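See structure below.
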Amino acid sequence: MAPKIFIDGEHGTTGLQIRTRMAGRRDVELLSIPEAERRNAAMREDMLNSADIAILCLPDDASKEAVQMVSANNNVRVIDTSTAFRVNPGWAYGFAEMDNAQADKIKAARFVANPGCYPTGAIGLIRPLRAAGILPDGYPVTVNAVSGYTGGGKQMIAQMENPDHPDAITAPHFLYGLPLTHKHVPEMTVHGLLDRAPIFSPSVGKFAQGMIVQVPLHLDDLAEGTTMESIHAALVAHYTGQEIVTVVPLAESKALPRVNAVELEGKDTMKLFVFGKEGGSQVNLVALLDNLGKGASGAAVQNMDLMLAS
C-alpha cells in the first residue's frame, strides 16, 4: 500500500509547487481537501491523522495547531515548512547536505523542519567553514541576498504581478527587513554554528523564482593561512558525493562575467561559488538556488523521500 501524504495548505505557493513535483508519482497516495472545504476543521484534522506524512505549508501559528492535532498519533510524521520549529532541538533540521549525519537524522525523525530559502544558501556556505575551523568565533558575518517575489506568498505575487492592485509594487528591486530582525536570523545562527548573529540584508527582485545569497569575507580575519583556494577546498570536501548541492570549480567561477539569479528556476539543486582575486585579501561566497526549489518545495519533497526510505 502506498504511503499517504497530506499537504496541509496545498493551495498556497509552496503547497502548489509540492503538488506539481509529485504529479504523476505512483509510489505515494496524495490526500486532498477540496478547495471549497479548505476551512473545514474536522475534515482537516481527519486528513492530518490519516496521513503517513503530513507536509505543513502554513503560517507559524497554524503549523503549531496542526502539530497539536497529531501529537498523540505516533503513526503520523510531519514536515513543517514554516519557521515555527526550525531551531527546536526536538525537530530534525531538513537540510540533508548540512553535514554527513543530517540525512540519517531526517530519515529517522518523526518531526522535520524544512529550512528557509535564505538560510539554505547562507548555512550552505557558512557551516562548512565553521566545521573546518576556517571561520573563527566572533567573526562579524554578513549575509546579503536577493529572492524572487514568490517567496512573499500569494499577497506579494499579486502586488508584483497586478499593476491595478491597491498596494502594487512597481520597484524593480527593493530591500526589506530593514530593522535587521528578520525571522531567518536565528536559523542561520544556530545551524550555521555561529556564536554571533549575522547581519542579514534581504531583498526582492522583479522575477518570480530564483535566489542569490552572498557571504563576503576578509581573509586576514579568518584562520591563519586561509586563501581563496583553501576555502574552496573546504567546501568541495564538505559536499563531495552530493548531487543536489555542488561547488563550482574555481576556474569556471573565474570565467563568469555574472551570476544569474534565475539560472536554477524550476530546479531543486543549489550551486556554490567562491569569487575573488587570486592572491587578494577578500572573497565573496555565493549560493545560487530557486527560492521555491531547494529553498522550499523541492527541499520538502527531498525530505519526504528520505523519510519514506527509512
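Each chain in the C-alpha cells gets a letter, A, B, ..., in the order shown, and its residues are numbered from 1; ligands are numbered from 1 in order too.
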
For this session: From the DSSP assignment of the backbone, select every residue of stretch 85-148 of chain A that is alpha helix (DSSP H), and format the answer as a ChimeraX atom specification.
Result: /A:102-108,117-131

Exercise. Which parts of stretch 192-225 of chain A does DSSP call strand (DSSP E or B) when run on the backbone here, written out as a list in words?
Worked result: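 For stretch 192-225 of chain A, the strand (DSSP E or B) set is Ile199, Phe200, Ser201, Pro202, Ser203, Val204, Gly205, Met211, Ile212, Val213, Gln214, Val215, Pro216, Leu217 and His218 of chain A.
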
For this session: Find the spatial neighbours of stretch 234-248 of chain A, counting only C-alpha atoms, within a cut-off of 8 Å - ignore same-chain residues fewer than 2 positions away - and output them as number ranges by chain.
Result: A: 97, 99, 125, 128-129, 132, 230-232, 250, 252-253, 268-274

Output for the residues just chosen: all heavy atoms as a CSV table (one decimal), in the first residue's frame:
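Saved file part10.csv follows:
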```csv
chain,number,residue,atom,x,y,z
A,97,GLU,N,22.2,18.0,3.3
A,97,GLU,CA,23.6,18.1,3.0
A,97,GLU,C,24.4,18.9,4.0
A,97,GLU,O,25.6,19.2,3.8
A,97,GLU,CB,23.8,18.8,1.6
A,97,GLU,CG,23.1,18.0,0.5
A,97,GLU,CD,21.6,18.2,0.3
A,97,GLU,OE1,21.1,19.1,1.0
A,97,GLU,OE2,21.0,17.4,-0.4
A,99,ASP,N,25.5,18.3,7.0
A,99,ASP,CA,26.7,17.6,7.4
A,99,ASP,C,26.4,16.1,7.1
A,99,ASP,O,25.4,15.7,6.7
A,99,ASP,CB,27.0,17.8,8.9
A,99,ASP,CG,25.9,17.4,9.9
A,99,ASP,OD1,25.3,16.4,9.6
A,99,ASP,OD2,25.7,18.1,10.9
A,125,LEU,N,26.9,27.8,2.9
A,125,LEU,CA,28.2,28.5,2.7
A,125,LEU,C,29.0,28.5,4.0
A,125,LEU,O,30.2,28.3,4.1
A,125,LEU,CB,28.1,29.9,2.2
A,125,LEU,CG,27.5,30.0,0.7
A,125,LEU,CD1,27.1,31.5,0.5
A,125,LEU,CD2,28.5,29.5,-0.3
A,128,PRO,N,30.2,24.7,6.6
A,128,PRO,CA,31.5,24.0,6.3
A,128,PRO,C,32.7,24.7,6.8
A,128,PRO,O,33.7,24.1,7.2
A,128,PRO,CB,31.5,23.9,4.7
A,128,PRO,CG,30.0,24.0,4.4
A,128,PRO,CD,29.4,25.0,5.3
A,129,LEU,N,32.7,26.1,6.7
A,129,LEU,CA,33.9,26.8,7.1
A,129,LEU,C,34.0,26.8,8.7
A,129,LEU,O,35.1,26.8,9.2
A,129,LEU,CB,33.8,28.3,6.6
A,129,LEU,CG,33.7,28.4,5.1
A,129,LEU,CD1,33.8,29.8,4.7
A,129,LEU,CD2,34.7,27.5,4.3
A,132,ALA,N,35.3,23.4,9.6
A,132,ALA,CA,36.7,23.2,9.3
A,132,ALA,C,37.6,24.1,10.1
A,132,ALA,O,38.8,24.0,9.9
A,132,ALA,CB,36.9,23.4,7.8
A,230,SER,N,41.9,27.6,-0.3
A,230,SER,CA,41.6,26.7,0.8
A,230,SER,C,40.1,26.7,1.2
A,230,SER,O,39.6,25.7,1.7
A,230,SER,CB,42.5,27.0,2.0
A,230,SER,OG,42.2,28.3,2.5
A,231,ILE,N,39.5,27.9,1.1
A,231,ILE,CA,38.0,28.0,1.3
A,231,ILE,C,37.3,27.1,0.3
A,231,ILE,O,36.4,26.3,0.7
A,231,ILE,CB,37.6,29.4,1.2
A,231,ILE,CG1,38.1,30.2,2.5
A,231,ILE,CG2,36.0,29.5,1.1
A,231,ILE,CD1,37.7,31.7,2.4
A,232,HIS,N,37.7,27.2,-1.0
A,232,HIS,CA,37.0,26.4,-2.0
A,232,HIS,C,37.2,24.9,-1.7
A,232,HIS,O,36.3,24.1,-1.8
A,232,HIS,CB,37.6,26.7,-3.4
A,232,HIS,CG,36.9,26.1,-4.5
A,232,HIS,ND1,37.3,24.8,-5.0
A,232,HIS,CD2,35.8,26.4,-5.2
A,232,HIS,CE1,36.5,24.5,-6.0
A,232,HIS,NE2,35.6,25.4,-6.1
A,250,LEU,N,36.8,26.5,-9.3
A,250,LEU,CA,37.3,27.9,-9.3
A,250,LEU,C,37.6,28.4,-10.7
A,250,LEU,O,37.3,29.6,-11.0
A,250,LEU,CB,38.6,28.0,-8.5
A,250,LEU,CG,38.5,28.1,-6.9
A,250,LEU,CD1,39.9,28.1,-6.3
A,250,LEU,CD2,37.8,29.4,-6.6
A,252,GLU,N,36.1,27.7,-13.4
A,252,GLU,CA,34.8,28.0,-14.0
A,252,GLU,C,34.2,29.3,-13.4
A,252,GLU,O,33.7,30.2,-14.2
A,252,GLU,CB,33.8,26.9,-13.8
A,252,GLU,CG,32.5,27.0,-14.5
A,252,GLU,CD,31.6,25.8,-14.3
A,252,GLU,OE1,32.1,24.7,-14.2
A,252,GLU,OE2,30.4,26.0,-14.3
A,253,SER,N,34.4,29.5,-12.1
A,253,SER,CA,33.9,30.7,-11.5
A,253,SER,C,34.6,32.0,-12.0
A,253,SER,O,34.0,33.0,-12.2
A,253,SER,CB,34.0,30.6,-10.0
A,253,SER,OG,33.2,29.6,-9.4
A,268,ASP,N,15.7,21.9,-8.3
A,268,ASP,CA,15.8,21.7,-6.8
A,268,ASP,C,17.2,21.5,-6.3
A,268,ASP,O,17.5,20.9,-5.3
A,268,ASP,CB,15.0,20.4,-6.4
A,268,ASP,CG,13.5,20.6,-6.7
A,268,ASP,OD1,13.0,21.7,-6.7
A,268,ASP,OD2,12.8,19.6,-6.9
A,269,THR,N,18.2,22.0,-7.1
A,269,THR,CA,19.6,22.0,-6.8
A,269,THR,C,20.1,23.3,-6.3
A,269,THR,O,19.4,24.3,-6.3
A,269,THR,CB,20.4,21.6,-8.0
A,269,THR,OG1,20.1,22.5,-9.1
A,269,THR,CG2,20.0,20.2,-8.5
A,270,MET,N,21.3,23.3,-5.8
A,270,MET,CA,22.0,24.6,-5.4
A,270,MET,C,23.4,24.5,-5.8
A,270,MET,O,24.1,23.5,-5.7
A,270,MET,CB,21.9,24.7,-3.8
A,270,MET,CG,22.5,26.0,-3.3
A,270,MET,SD,22.1,26.4,-1.6
A,270,MET,CE,22.9,25.1,-0.7
A,271,LYS,N,23.9,25.7,-6.3
A,271,LYS,CA,25.3,25.8,-6.7
A,271,LYS,C,26.0,26.8,-5.7
A,271,LYS,O,25.4,27.8,-5.3
A,271,LYS,CB,25.4,26.4,-8.1
A,271,LYS,CG,25.1,25.5,-9.2
A,271,LYS,CD,25.3,26.1,-10.6
A,271,LYS,CE,25.0,25.2,-11.7
A,271,LYS,NZ,25.3,25.9,-13.0
A,272,LEU,N,27.2,26.5,-5.4
A,272,LEU,CA,28.0,27.3,-4.5
A,272,LEU,C,29.3,27.8,-5.3
A,272,LEU,O,29.9,27.0,-6.0
A,272,LEU,CB,28.5,26.6,-3.2
A,272,LEU,CG,27.3,25.9,-2.4
A,272,LEU,CD1,27.9,25.3,-1.2
A,272,LEU,CD2,26.3,27.0,-2.0
A,273,PHE,N,29.6,29.1,-5.1
A,273,PHE,CA,30.7,29.7,-5.8
A,273,PHE,C,31.6,30.4,-4.8
A,273,PHE,O,31.2,30.9,-3.7
A,273,PHE,CB,30.3,30.8,-6.8
A,273,PHE,CG,29.3,30.4,-7.8
A,273,PHE,CD1,27.9,30.3,-7.5
A,273,PHE,CD2,29.7,30.1,-9.1
A,273,PHE,CE1,27.0,29.9,-8.5
A,273,PHE,CE2,28.8,29.7,-10.1
A,273,PHE,CZ,27.4,29.6,-9.8
A,274,VAL,N,32.9,30.4,-5.1
A,274,VAL,CA,33.9,31.3,-4.4
A,274,VAL,C,34.5,32.2,-5.4
A,274,VAL,O,35.1,31.8,-6.4
A,274,VAL,CB,35.0,30.4,-3.8
A,274,VAL,CG1,36.0,31.3,-3.0
A,274,VAL,CG2,34.4,29.4,-2.8
```

Problem set entry | Contacts of stretch 8-21 of chain A at 6 Å (only C-alpha atoms; same-chain gap of 6+ positions) as a ChimeraX atom specification | /A:56-58,153,297

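Among the candidates A:Gly151, A:Pro119, A:Pro186, A:Gly138, the one nearest to A:Ala84 when counting only C-alpha atoms is A:Pro186.
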
Exercise. Using only C-alpha atoms, which of A:Val112, A:Ser63, A:Ile5, A:Ile157 sits nearest A:Asp27?
Worked result: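 For A:Asp27, the nearest of the candidates is A:Ile5.
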